[in-house]
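Colleague: Sharing a structure with you now.
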Amino acid sequence: MSTTRSTNSTKYDPRLLGLGLLAGAALGLAWVNTKQRQYARDGAPGLLEWERVRRMARQIINEEAPSAQWHAQWEEYYRGMVARCYPLITEEMGRPLPAPVDKIDAFSRTEWIDANITNFRQLFEPIEAIYSKVNNPNNLGTLLMGDVSQNLLSTQLGVLLGYLARRVLGQYDLALLGKEPVAEGRLYFVEPNIAGVCNELGLDSDDFRLWIALHETTHAYEFEAYPWVRQHFNALLEEYFGYLSDDLVTFGSGLGGARSLLDRARSNLSSRENWIEMVMSPEQRDLFNRLQALMSIIEGYSNYIMNAVGARLLPSYDTIKERIEQRAEHRSTIEKLFIRITGLAMKMEQYRLGESFINSVVAKRGVQVANKIWEGPDMLPTMDELHDPDAWIARVATAA
C-alpha cells in the first residue's frame, strides 16, 4: 500500500531565507529611523523613566484607591496618636518641638509610591543633569544603549519601591535637596501595611499604631528641633552626588571608564565590604561612611527614645517589640537575598549600630551627654566612634 506525503509539507526554498532577511532588515531600519526621530524629538534617554518606575511598582502592589472618608478618618486618628507622643519625647530629649507636625497623612501603598517617586526624582535631578551631558546625542549606538540602561534601572527601582510599599509602616519625610526652604516634614502612615502586620502578629491595634507614631515622631524632633541636621544631611548628599556625577563622566568615556570601575572593584575585593562600597573611590567611601554614621545616629537614637518612653506610653510595648523582632528574624530566603542585593541590609545595621552606641553612652554618662550629638556636626560620632563609644565620650569631654 503506497503512502503519499502530506499536502501541508513544504520543501525548503532558499529564497524564503532571503525574503526573511530582507524583511528583517527593513523592519530594523524602520525601527532605527523611528528611534532617531524619537531622540530628535525628545532628546537623549534619561537615566530613569519615572512613569515606568511608577507602573512597575504599582503592578507589584495592585490595590484599589481608598475613599476620601477613609483618609479623613485615619488622618484624624494618627494626628491624635502623634499628639500623645509629644510630651514624653520632649521630656526625654530635653527640647520641645518648635511647632506640632501639621502634615500627617494616612496613605495607601499606591500613595506611598507616588510620594516617594516625587522624592526620588528630586534627589536624582543633579545626576540626571550630568548624565544628559555625558550622553552623546549624535551617537546612535550610545543612545540605544542608554535606552537599555534606562529600562533596566527603571525596572529595578520600580521593583524596589513596590517591595517597600508592601512593608513600610510609617515614614518621616523631609524633602531633601529641595529648591525651596522646608520648615517641616510630613508624617506618613501606610495603613494597609499597619493593619496587615497588626493582624499577622496579633497585636493591640491602638498600641501598635501608637508604637509606630512614636518612632516617626521622634524623627520629626531630630530634624525640626535641630535644623542644622537637615542642612548637614543636604551638604553630605550634594557632595556625594558630586562624586557620582564625576563617575558618570568617567564611566561614560568608553572602555577606559569601564576599566576604571573594574580596577576599583578589584582593589577593594580584599576589604570584605558590601557591593556598593566595592566600586567607590577612597574619597567616596569616606563620605559614604559619614552619611552612614549620620543615618545610624538618626535611626538608633529614635530606637533609644522608643525604648526609654515606650513602656510608659504603651502597656503592651514589650510584646510589640518582641514580636516585631521575631518577625524580622524569620524572613524567607528570597526576601533575605533581596535585602542583601538591594543594600537594605545596611539600613538594618544602622538601627543596631546607632542604638547600641546611644545605649552605651547613656549607661555610662547619662542621656544629657548622649544628647550632645545634637549640638552640631562636629559632635556627631564617626563610624569608628560608633563602634567605640568611649572614644566619642573622651572627645566630647575634651571639647567641653
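Following the order of the C-alpha cells, first chain is A, next is B, and so on, with residues numbered from 1 inside each chain and ligands from 1 in the order they appear.
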Gly94 in chain A: which residues within 10 Å, counting only C-alpha atoms, same-chain residues fewer than 2 positions away excluded, as an MDAnalysis selection string?
Modeller: chainID A and resid 88:92 96 367:368 371
Colleague: I need the chosen residues saved as a PDB file, in the first residue's frame, with C-alpha atoms.
Modeller:
```pdb
ATOM      1  CA  LEU A  88       7.223  62.174  76.554  1.00  0.00           C
ATOM      2  CA  ILE A  89       9.681  62.816  73.697  1.00  0.00           C
ATOM      3  CA  THR A  90      10.127  66.416  74.849  1.00  0.00           C
ATOM      4  CA  GLU A  91      10.832  65.256  78.401  1.00  0.00           C
ATOM      5  CA  GLU A  92      13.412  62.644  77.285  1.00  0.00           C
ATOM      6  CA  PRO A  96      10.435  70.805  72.654  1.00  0.00           C
ATOM      7  CA  VAL A 367      21.141  60.926  78.355  1.00  0.00           C
ATOM      8  CA  GLN A 368      22.364  64.524  78.808  1.00  0.00           C
ATOM      9  CA  ASN A 371      22.103  64.451  73.633  1.00  0.00           C
TER      10      ASN A 371
END
```
Colleague: Quick one: residues within 10 Å of Ile60 in chain A, only C-alpha atoms, excluding same-chain residues fewer than 5 positions away - as a list in words?
Modeller: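 My list of contacting residues is Arg55, Gly158, Val159, Leu160, Leu161, Gly162, Tyr163, Ala165 and Arg166 of chain A.
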Colleague: Keeping only N, CA and C atoms, write those residues as a short mmCIF file (atom, residue, chain, number, x, y, z; two decimals), in the first residue's frame.
Modeller:
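This went into result-v7.cif:
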```cif
data_model
loop_
_atom_site.label_atom_id
_atom_site.label_comp_id
_atom_site.auth_asym_id
_atom_site.auth_seq_id
_atom_site.Cartn_x
_atom_site.Cartn_y
_atom_site.Cartn_z
N ARG A 55 4.77 52.49 37.06
CA ARG A 55 3.97 51.35 36.58
C ARG A 55 4.45 50.05 37.19
N GLY A 158 11.60 50.40 40.23
CA GLY A 158 10.18 50.11 40.39
C GLY A 158 9.94 48.89 41.26
N VAL A 159 10.74 47.84 41.05
CA VAL A 159 10.63 46.62 41.87
C VAL A 159 10.95 46.94 43.32
N LEU A 160 12.00 47.72 43.55
CA LEU A 160 12.38 48.08 44.92
C LEU A 160 11.26 48.86 45.62
N LEU A 161 10.69 49.86 44.93
CA LEU A 161 9.62 50.65 45.53
C LEU A 161 8.37 49.80 45.76
N GLY A 162 8.08 48.89 44.82
CA GLY A 162 6.94 48.00 45.01
C GLY A 162 7.14 47.09 46.21
N TYR A 163 8.35 46.60 46.38
CA TYR A 163 8.68 45.75 47.54
C TYR A 163 8.49 46.53 48.84
N ALA A 165 6.79 49.24 49.34
CA ALA A 165 5.42 49.72 49.53
C ALA A 165 4.55 48.69 50.25
N ARG A 166 4.93 47.44 50.21
CA ARG A 166 4.18 46.39 50.91
C ARG A 166 4.68 46.17 52.33
#
```
Colleague: For Tyr301 in chain A, please output as a compact mmCIF listing (two decimals) with N, CA and C atoms, in the first residue's frame all residues within 9 Å (counting only C-alpha atoms; exclusion window: fewer than 3 positions along the same chain).
Modeller:
```txt
# COMPACT_ATOMS: atom_id res chain seq x y z
N THR A 218 9.62 60.85 66.68
CA THR A 218 10.99 61.11 67.13
C THR A 218 11.85 61.62 66.00
N HIS A 219 11.68 61.07 64.80
CA HIS A 219 12.42 61.58 63.63
C HIS A 219 12.07 63.04 63.36
N GLU A 222 14.13 65.10 65.64
CA GLU A 222 15.55 65.13 65.28
C GLU A 222 15.84 66.18 64.21
N SER A 296 22.93 56.27 61.09
CA SER A 296 22.94 55.36 62.24
C SER A 296 22.48 56.07 63.50
N ILE A 297 22.94 57.30 63.67
CA ILE A 297 22.54 58.08 64.85
C ILE A 297 21.05 58.43 64.78
N ILE A 298 20.59 58.84 63.61
CA ILE A 298 19.18 59.20 63.46
C ILE A 298 18.28 58.01 63.78
N TYR A 304 16.30 54.35 70.67
CA TYR A 304 16.56 54.58 72.10
C TYR A 304 15.36 55.28 72.75
N ILE A 305 14.84 56.33 72.10
CA ILE A 305 13.70 57.06 72.65
C ILE A 305 12.50 56.12 72.81
N MET A 306 12.27 55.29 71.80
CA MET A 306 11.16 54.34 71.89
C MET A 306 11.30 53.45 73.11
N TYR A 351 20.23 50.70 62.36
CA TYR A 351 19.43 50.67 63.57
C TYR A 351 20.21 50.05 64.72
N GLY A 354 23.58 52.25 65.70
CA GLY A 354 23.25 53.53 66.34
C GLY A 354 22.62 53.34 67.71
N GLU A 355 21.73 52.37 67.82
CA GLU A 355 21.07 52.12 69.10
C GLU A 355 22.07 51.62 70.13
N PHE A 357 25.23 52.28 70.26
CA PHE A 357 26.07 53.42 70.64
C PHE A 357 25.35 54.29 71.67
N ILE A 358 24.11 54.69 71.39
CA ILE A 358 23.37 55.55 72.30
C ILE A 358 23.16 54.86 73.66
N ASN A 359 22.80 53.59 73.63
CA ASN A 359 22.59 52.86 74.88
C ASN A 359 23.86 52.84 75.73
```
Colleague: Restricting the calculation to only C-alpha atoms, which member of A:Ser360, A:Ser281, A:Gln59, A:Ser108 is positioned closest to Asn193 in chain A?
Modeller: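 That would be A:Ser108, the residue with the smallest distance to Asn193 in chain A.
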Colleague: What does the distance from CA of Ile117 in chain A to CA of Val53 in chain A come to in Å, to one decimal?
Modeller: 8.1 Å
Colleague: Neighbouring residues of Gln156 in chain A were defined as those with any atom within 12 Å, considering only C-alpha atoms; residues of the same chain fewer than 4 positions away were excluded. Please report them as a list in words.
Modeller: Leu48, Glu49, Trp50, Arg52, Val53, Arg54, Arg55, Met56, Ala57, Ser149, Gln150, Asn151, Leu152, Leu160, Leu161, Gly162, Tyr163, Phe338, Ile341 and Thr342 of chain A
Colleague: Dump C-alpha atoms for the selected residues as a compact mmCIF listing (two decimals), in the first residue's frame?
Modeller:
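The result, stored in selection-v9.txt:
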```
# COMPACT_ATOMS: atom_id res chain seq x y z
CA LEU A 48 15.43 56.80 34.59
CA GLU A 49 11.94 56.76 33.08
CA TRP A 50 9.79 57.68 36.03
CA ARG A 52 7.99 53.08 34.03
CA VAL A 53 9.16 53.13 37.66
CA ARG A 54 5.64 54.01 38.76
CA ARG A 55 3.97 51.35 36.58
CA MET A 56 6.31 48.61 37.75
CA ALA A 57 5.86 49.48 41.43
CA SER A 149 20.15 51.09 30.64
CA GLN A 150 17.15 53.32 31.34
CA ASN A 151 14.72 50.42 31.06
CA LEU A 152 16.85 48.23 33.32
CA LEU A 160 12.38 48.08 44.92
CA LEU A 161 9.62 50.65 45.53
CA GLY A 162 6.94 48.00 45.01
CA TYR A 163 8.68 45.75 47.54
CA PHE A 338 16.58 40.69 48.04
CA ILE A 341 21.27 42.64 46.93
CA THR A 342 19.46 45.97 47.24
```
Colleague: Go ahead and compute the interatomic distance for CA of Leu203 in chain A and CA of Cys85 in chain A, in Å to one decimal.
Modeller: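 Separation between CA of Leu203 in chain A and CA of Cys85 in chain A: 19.4 Å.
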Colleague: Pick out the closest residue to Phe241 in chain A from this set: A:Glu299, A:Glu125, A:Glu200, A:Glu349. Count only C-alpha atoms.
Modeller: A:Glu125
Colleague: Counting only C-alpha atoms, what is within 12 Å of Asp388 in chain A, bar same-chain residues fewer than 3 positions away, as a list of chain:residue names?
Modeller: A:Leu353, A:Gly354, A:Ser356, A:Phe357, A:Ile358, A:Ser360, A:Val361, A:Pro381, A:Thr382, A:Met383, A:Asp384, A:Glu385, A:Ala391, A:Trp392, A:Ile393, A:Ala394, A:Arg395
Colleague: Next, the residues of the selection above should be written as an mmCIF file, in the first residue's frame with N, CA and C atoms.
Modeller:
```cif
data_model
loop_
_atom_site.group_PDB
_atom_site.id
_atom_site.type_symbol
_atom_site.label_atom_id
_atom_site.label_comp_id
_atom_site.auth_asym_id
_atom_site.auth_seq_id
_atom_site.Cartn_x
_atom_site.Cartn_y
_atom_site.Cartn_z
ATOM 1 N N LEU A 353 23.561 49.468 65.111
ATOM 2 C CA LEU A 353 24.789 50.141 65.500
ATOM 3 C C LEU A 353 24.493 51.447 66.234
ATOM 4 N N GLY A 354 23.575 52.250 65.696
ATOM 5 C CA GLY A 354 23.246 53.526 66.338
ATOM 6 C C GLY A 354 22.617 53.338 67.706
ATOM 7 N N SER A 356 22.976 50.749 69.719
ATOM 8 C CA SER A 356 23.990 50.229 70.638
ATOM 9 C C SER A 356 24.880 51.361 71.147
ATOM 10 N N PHE A 357 25.235 52.280 70.257
ATOM 11 C CA PHE A 357 26.068 53.424 70.645
ATOM 12 C C PHE A 357 25.354 54.291 71.675
ATOM 13 N N ILE A 358 24.112 54.686 71.387
ATOM 14 C CA ILE A 358 23.365 55.552 72.302
ATOM 15 C C ILE A 358 23.164 54.862 73.656
ATOM 16 N N SER A 360 24.999 52.660 75.064
ATOM 17 C CA SER A 360 26.268 52.614 75.787
ATOM 18 C C SER A 360 26.591 53.965 76.421
ATOM 19 N N VAL A 361 26.400 55.045 75.662
ATOM 20 C CA VAL A 361 26.693 56.388 76.182
ATOM 21 C C VAL A 361 25.773 56.720 77.350
ATOM 22 N N PRO A 381 29.277 61.333 66.061
ATOM 23 C CA PRO A 381 30.316 60.301 66.087
ATOM 24 C C PRO A 381 30.703 59.868 64.677
ATOM 25 N N THR A 382 31.944 59.484 64.517
ATOM 26 C CA THR A 382 32.384 58.871 63.272
ATOM 27 C C THR A 382 31.987 57.401 63.290
ATOM 28 N N MET A 383 32.195 56.710 62.161
ATOM 29 C CA MET A 383 31.904 55.278 62.138
ATOM 30 C C MET A 383 32.786 54.534 63.135
ATOM 31 N N ASP A 384 34.049 54.950 63.265
ATOM 32 C CA ASP A 384 34.928 54.305 64.244
ATOM 33 C C ASP A 384 34.409 54.523 65.658
ATOM 34 N N GLU A 385 33.921 55.729 65.937
ATOM 35 C CA GLU A 385 33.415 56.029 67.276
ATOM 36 C C GLU A 385 32.093 55.313 67.561
ATOM 37 N N ALA A 391 35.556 56.316 72.904
ATOM 38 C CA ALA A 391 36.370 57.287 72.170
ATOM 39 C C ALA A 391 35.576 58.570 71.928
ATOM 40 N N TRP A 392 34.302 58.423 71.603
ATOM 41 C CA TRP A 392 33.463 59.610 71.398
ATOM 42 C C TRP A 392 33.264 60.360 72.715
ATOM 43 N N ILE A 393 33.012 59.640 73.803
ATOM 44 C CA ILE A 393 32.835 60.271 75.106
ATOM 45 C C ILE A 393 34.079 61.061 75.484
ATOM 46 N N ALA A 394 35.261 60.487 75.224
ATOM 47 C CA ALA A 394 36.522 61.180 75.534
ATOM 48 C C ALA A 394 36.665 62.441 74.689
ATOM 49 N N ARG A 395 36.305 62.368 73.422
ATOM 50 C CA ARG A 395 36.403 63.538 72.539
ATOM 51 C C ARG A 395 35.453 64.641 72.973
#
```
Colleague: Which of range 72-239 of chain A end up as strand (DSSP E or B) when DSSP is run on this backbone - answer as a list in words?
Modeller: Lys103, Ile104, Asp105, Ala106, Phe107, Gly170, Gln171, Tyr172, Asp173, Arg186, Leu187, Tyr188, Phe189 and Val190 of chain A
Colleague: Next, dump the selected residues to file, keeping only C-alpha atoms, as a short mmCIF file (atom, residue, chain, number, x, y, z; two decimals), in the first residue's frame.
Modeller:
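Final output, saved to result-v4.cif:
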```
data_model
loop_
_atom_site.label_atom_id
_atom_site.label_comp_id
_atom_site.auth_asym_id
_atom_site.auth_seq_id
_atom_site.Cartn_x
_atom_site.Cartn_y
_atom_site.Cartn_z
CA LYS A 103 1.20 67.43 57.71
CA ILE A 104 0.08 63.96 58.77
CA ASP A 105 -1.15 61.58 56.07
CA ALA A 106 -2.72 58.14 56.06
CA PHE A 107 -1.52 56.52 52.86
CA GLY A 170 5.48 54.74 58.74
CA GLN A 171 7.81 57.40 57.38
CA TYR A 172 9.01 60.83 58.35
CA ASP A 173 9.55 62.62 55.06
CA ARG A 186 5.45 65.14 56.77
CA LEU A 187 4.47 62.01 58.60
CA TYR A 188 3.14 59.13 56.51
CA PHE A 189 1.32 56.12 57.92
CA VAL A 190 0.82 53.30 55.40
#
```
